[in-house]
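Each remark here refers to the structure printed beneath this line.
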Amino acid sequence: MSSRKDQSRIRAAFRVVTRDLVEEVIDISRRENKADTPSREPRGMGRAAAASAFPGWADSMTVKSFINKLPKKEQAELAALMVLGREPLTLRARDVETAVDPASWTCNLGQYLASKGGLARYLQEGMRVVGL
């Protein structure tokens with residue numbers, strides 16, 4: 001990311017995904033993959049808000065099944081956030097704008113994201129970069 005203009009465009013690309021949703025995916029990922037960063041409760045009302053938005057899902061869901069039940073736009077934004085968190089210095093605004101488009105992903109995003117061992121770290125870094 002080279003300029004403030006790029007940073008603004010990147011922030012604007014994330015329209016659907018919420019902090020609560022991303023924190024819930026992080027929490028599920030950590031529970032599922034104990035080798036990742038030690039689990040801790042999300043900040044604020046993240047878990048409670050996600051549980052009310054997705055009743056009955058969070059406690060027994062895997063990352064893959066949780067993500068696969070989300071709308072395609074939210075899946076794409078989660079994937080773009082993960083990629084941004086993995087490569088924050090090399091991506092440009094147009095790369096991120098392409099990644100948030102569900103049509104740009106041809107794979108099963110739940111399976112793709114679940115296969116990333118550092119998913120929780122990548123999503124946290126992506127949230128930091130975007131300012132969620």
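Just so we're on the same page: first chain in the structure tokens is A, next is B, and so on; residues restart at 1 for each chain, and ligands are numbered from 1 in the order they show up.
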Mind checking which residues fall within 8 Å of Leu113 of chain A, counting only C-alpha atoms, ignoring those fewer than 3 positions away in the same chain, and posting them as a VMD selection string? chain A and resid 63 to 64 79 82 109 to 110 116 119
Excluding Ala103 of chain A and its own-chain neighbours fewer than 5 positions away, which residues fall within 12 Å of it when counting only C-alpha atoms? Please give them as a PDB file with N, CA and C atoms, in the first residue's frame.
```
ATOM      1  N   LYS A  72     -22.343 -15.009   0.022  1.00  0.00           N
ATOM      2  CA  LYS A  72     -21.127 -14.986  -0.811  1.00  0.00           C
ATOM      3  C   LYS A  72     -20.322 -13.703  -0.645  1.00  0.00           C
ATOM      4  N   LYS A  73     -20.980 -12.580  -0.513  1.00  0.00           N
ATOM      5  CA  LYS A  73     -20.273 -11.299  -0.366  1.00  0.00           C
ATOM      6  C   LYS A  73     -19.456 -11.284   0.931  1.00  0.00           C
ATOM      7  N   GLN A  75     -18.339 -13.942   2.513  1.00  0.00           N
ATOM      8  CA  GLN A  75     -17.257 -14.903   2.315  1.00  0.00           C
ATOM      9  C   GLN A  75     -16.098 -14.252   1.556  1.00  0.00           C
ATOM     10  N   ALA A  76     -16.419 -13.548   0.497  1.00  0.00           N
ATOM     11  CA  ALA A  76     -15.380 -12.906  -0.321  1.00  0.00           C
ATOM     12  C   ALA A  76     -14.632 -11.842   0.471  1.00  0.00           C
ATOM     13  N   GLU A  77     -15.347 -11.064   1.271  1.00  0.00           N
ATOM     14  CA  GLU A  77     -14.681 -10.033   2.067  1.00  0.00           C
ATOM     15  C   GLU A  77     -13.797 -10.654   3.148  1.00  0.00           C
ATOM     16  N   GLU A  97      -9.858  -4.537  -4.097  1.00  0.00           N
ATOM     17  CA  GLU A  97     -11.186  -4.323  -4.692  1.00  0.00           C
ATOM     18  C   GLU A  97     -11.605  -5.522  -5.537  1.00  0.00           C
ATOM     19  N   THR A  98     -10.669  -6.146  -6.201  1.00  0.00           N
ATOM     20  CA  THR A  98     -10.969  -7.358  -6.966  1.00  0.00           C
ATOM     21  C   THR A  98     -11.280  -8.509  -6.024  1.00  0.00           C
ATOM     22  N   ASN A 108     -14.162 -23.048  -3.117  1.00  0.00           N
ATOM     23  CA  ASN A 108     -15.008 -23.067  -1.927  1.00  0.00           C
ATOM     24  C   ASN A 108     -14.272 -22.244  -0.869  1.00  0.00           C
ATOM     25  N   LEU A 109     -14.788 -21.064  -0.549  1.00  0.00           N
ATOM     26  CA  LEU A 109     -14.067 -20.154   0.339  1.00  0.00           C
ATOM     27  C   LEU A 109     -13.974 -20.677   1.768  1.00  0.00           C
TER      28      LEU A 109
END
```
Can you measure atom CA of Leu91 of chain A to atom CA of Lys69 of chain A for me? One decimal in Å is fine. 27.8 Å
Within 10 Å of Val130 of chain A using only C-alpha atoms, minus same-chain residues under 5 positions, as an MDAnalysis selection string: chainID A and resid 7:14 81 84:85 88 124:125
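Each of A:Gly117, A:Pro102, A:Glu23, A:Tyr112 was checked against Glu74 of chain A using only C-alpha atoms; the smallest atom-to-atom distance is that of A:Pro102.
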Give me the residues within 9 Å of Gln111 of chain A as a list of chain:residue names, counting only C-alpha atoms and dropping any in the same chain fewer than 4 places off. A:Val63, A:Lys64, A:Ser65, A:Ile67, A:Asn68, A:Cys107, A:Ser115
Can I get the selected residues back with N, CA and C atoms, as an mmCIF file, in the first residue's frame?
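Listed below is the output, result_19.cif:
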```cif
data_model
loop_
_atom_site.group_PDB
_atom_site.id
_atom_site.type_symbol
_atom_site.label_atom_id
_atom_site.label_comp_id
_atom_site.auth_asym_id
_atom_site.auth_seq_id
_atom_site.Cartn_x
_atom_site.Cartn_y
_atom_site.Cartn_z
ATOM 1 N N VAL A 63 -14.684 -23.781 11.171
ATOM 2 C CA VAL A 63 -14.470 -22.585 10.347
ATOM 3 C C VAL A 63 -15.106 -22.789 8.976
ATOM 4 N N LYS A 64 -14.846 -23.934 8.382
ATOM 5 C CA LYS A 64 -15.352 -24.209 7.039
ATOM 6 C C LYS A 64 -16.874 -24.130 6.988
ATOM 7 N N SER A 65 -17.557 -24.812 7.886
ATOM 8 C CA SER A 65 -19.020 -24.823 7.826
ATOM 9 C C SER A 65 -19.607 -23.459 8.192
ATOM 10 N N ILE A 67 -18.238 -20.465 7.635
ATOM 11 C CA ILE A 67 -18.051 -19.568 6.487
ATOM 12 C C ILE A 67 -18.947 -19.961 5.322
ATOM 13 N N ASN A 68 -19.105 -21.254 5.075
ATOM 14 C CA ASN A 68 -19.944 -21.695 3.960
ATOM 15 C C ASN A 68 -21.409 -21.307 4.130
ATOM 16 N N CYS A 107 -13.164 -20.910 -5.902
ATOM 17 C CA CYS A 107 -13.036 -22.069 -5.025
ATOM 18 C C CYS A 107 -14.084 -21.996 -3.909
ATOM 19 N N SER A 115 -8.203 -23.931 5.433
ATOM 20 C CA SER A 115 -6.916 -24.577 5.168
ATOM 21 C C SER A 115 -5.731 -23.700 5.573
#
```
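Here atom CA of Glu32 of chain A stands at a distance of 6.8 Å from atom CA of Thr62 of chain A.
Our summary of the geometry notes that atom CA of Ala99 of chain A is positioned 5.1 Å from atom CA of Ala80 of chain A.
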Compile the contact shell of Ala120 of chain A as a ChimeraX atom specification: residues with an atom at most 7 Å away, counting only C-alpha atoms, same-chain residues fewer than 3 positions apart removed. /A:26,29-30,123-124
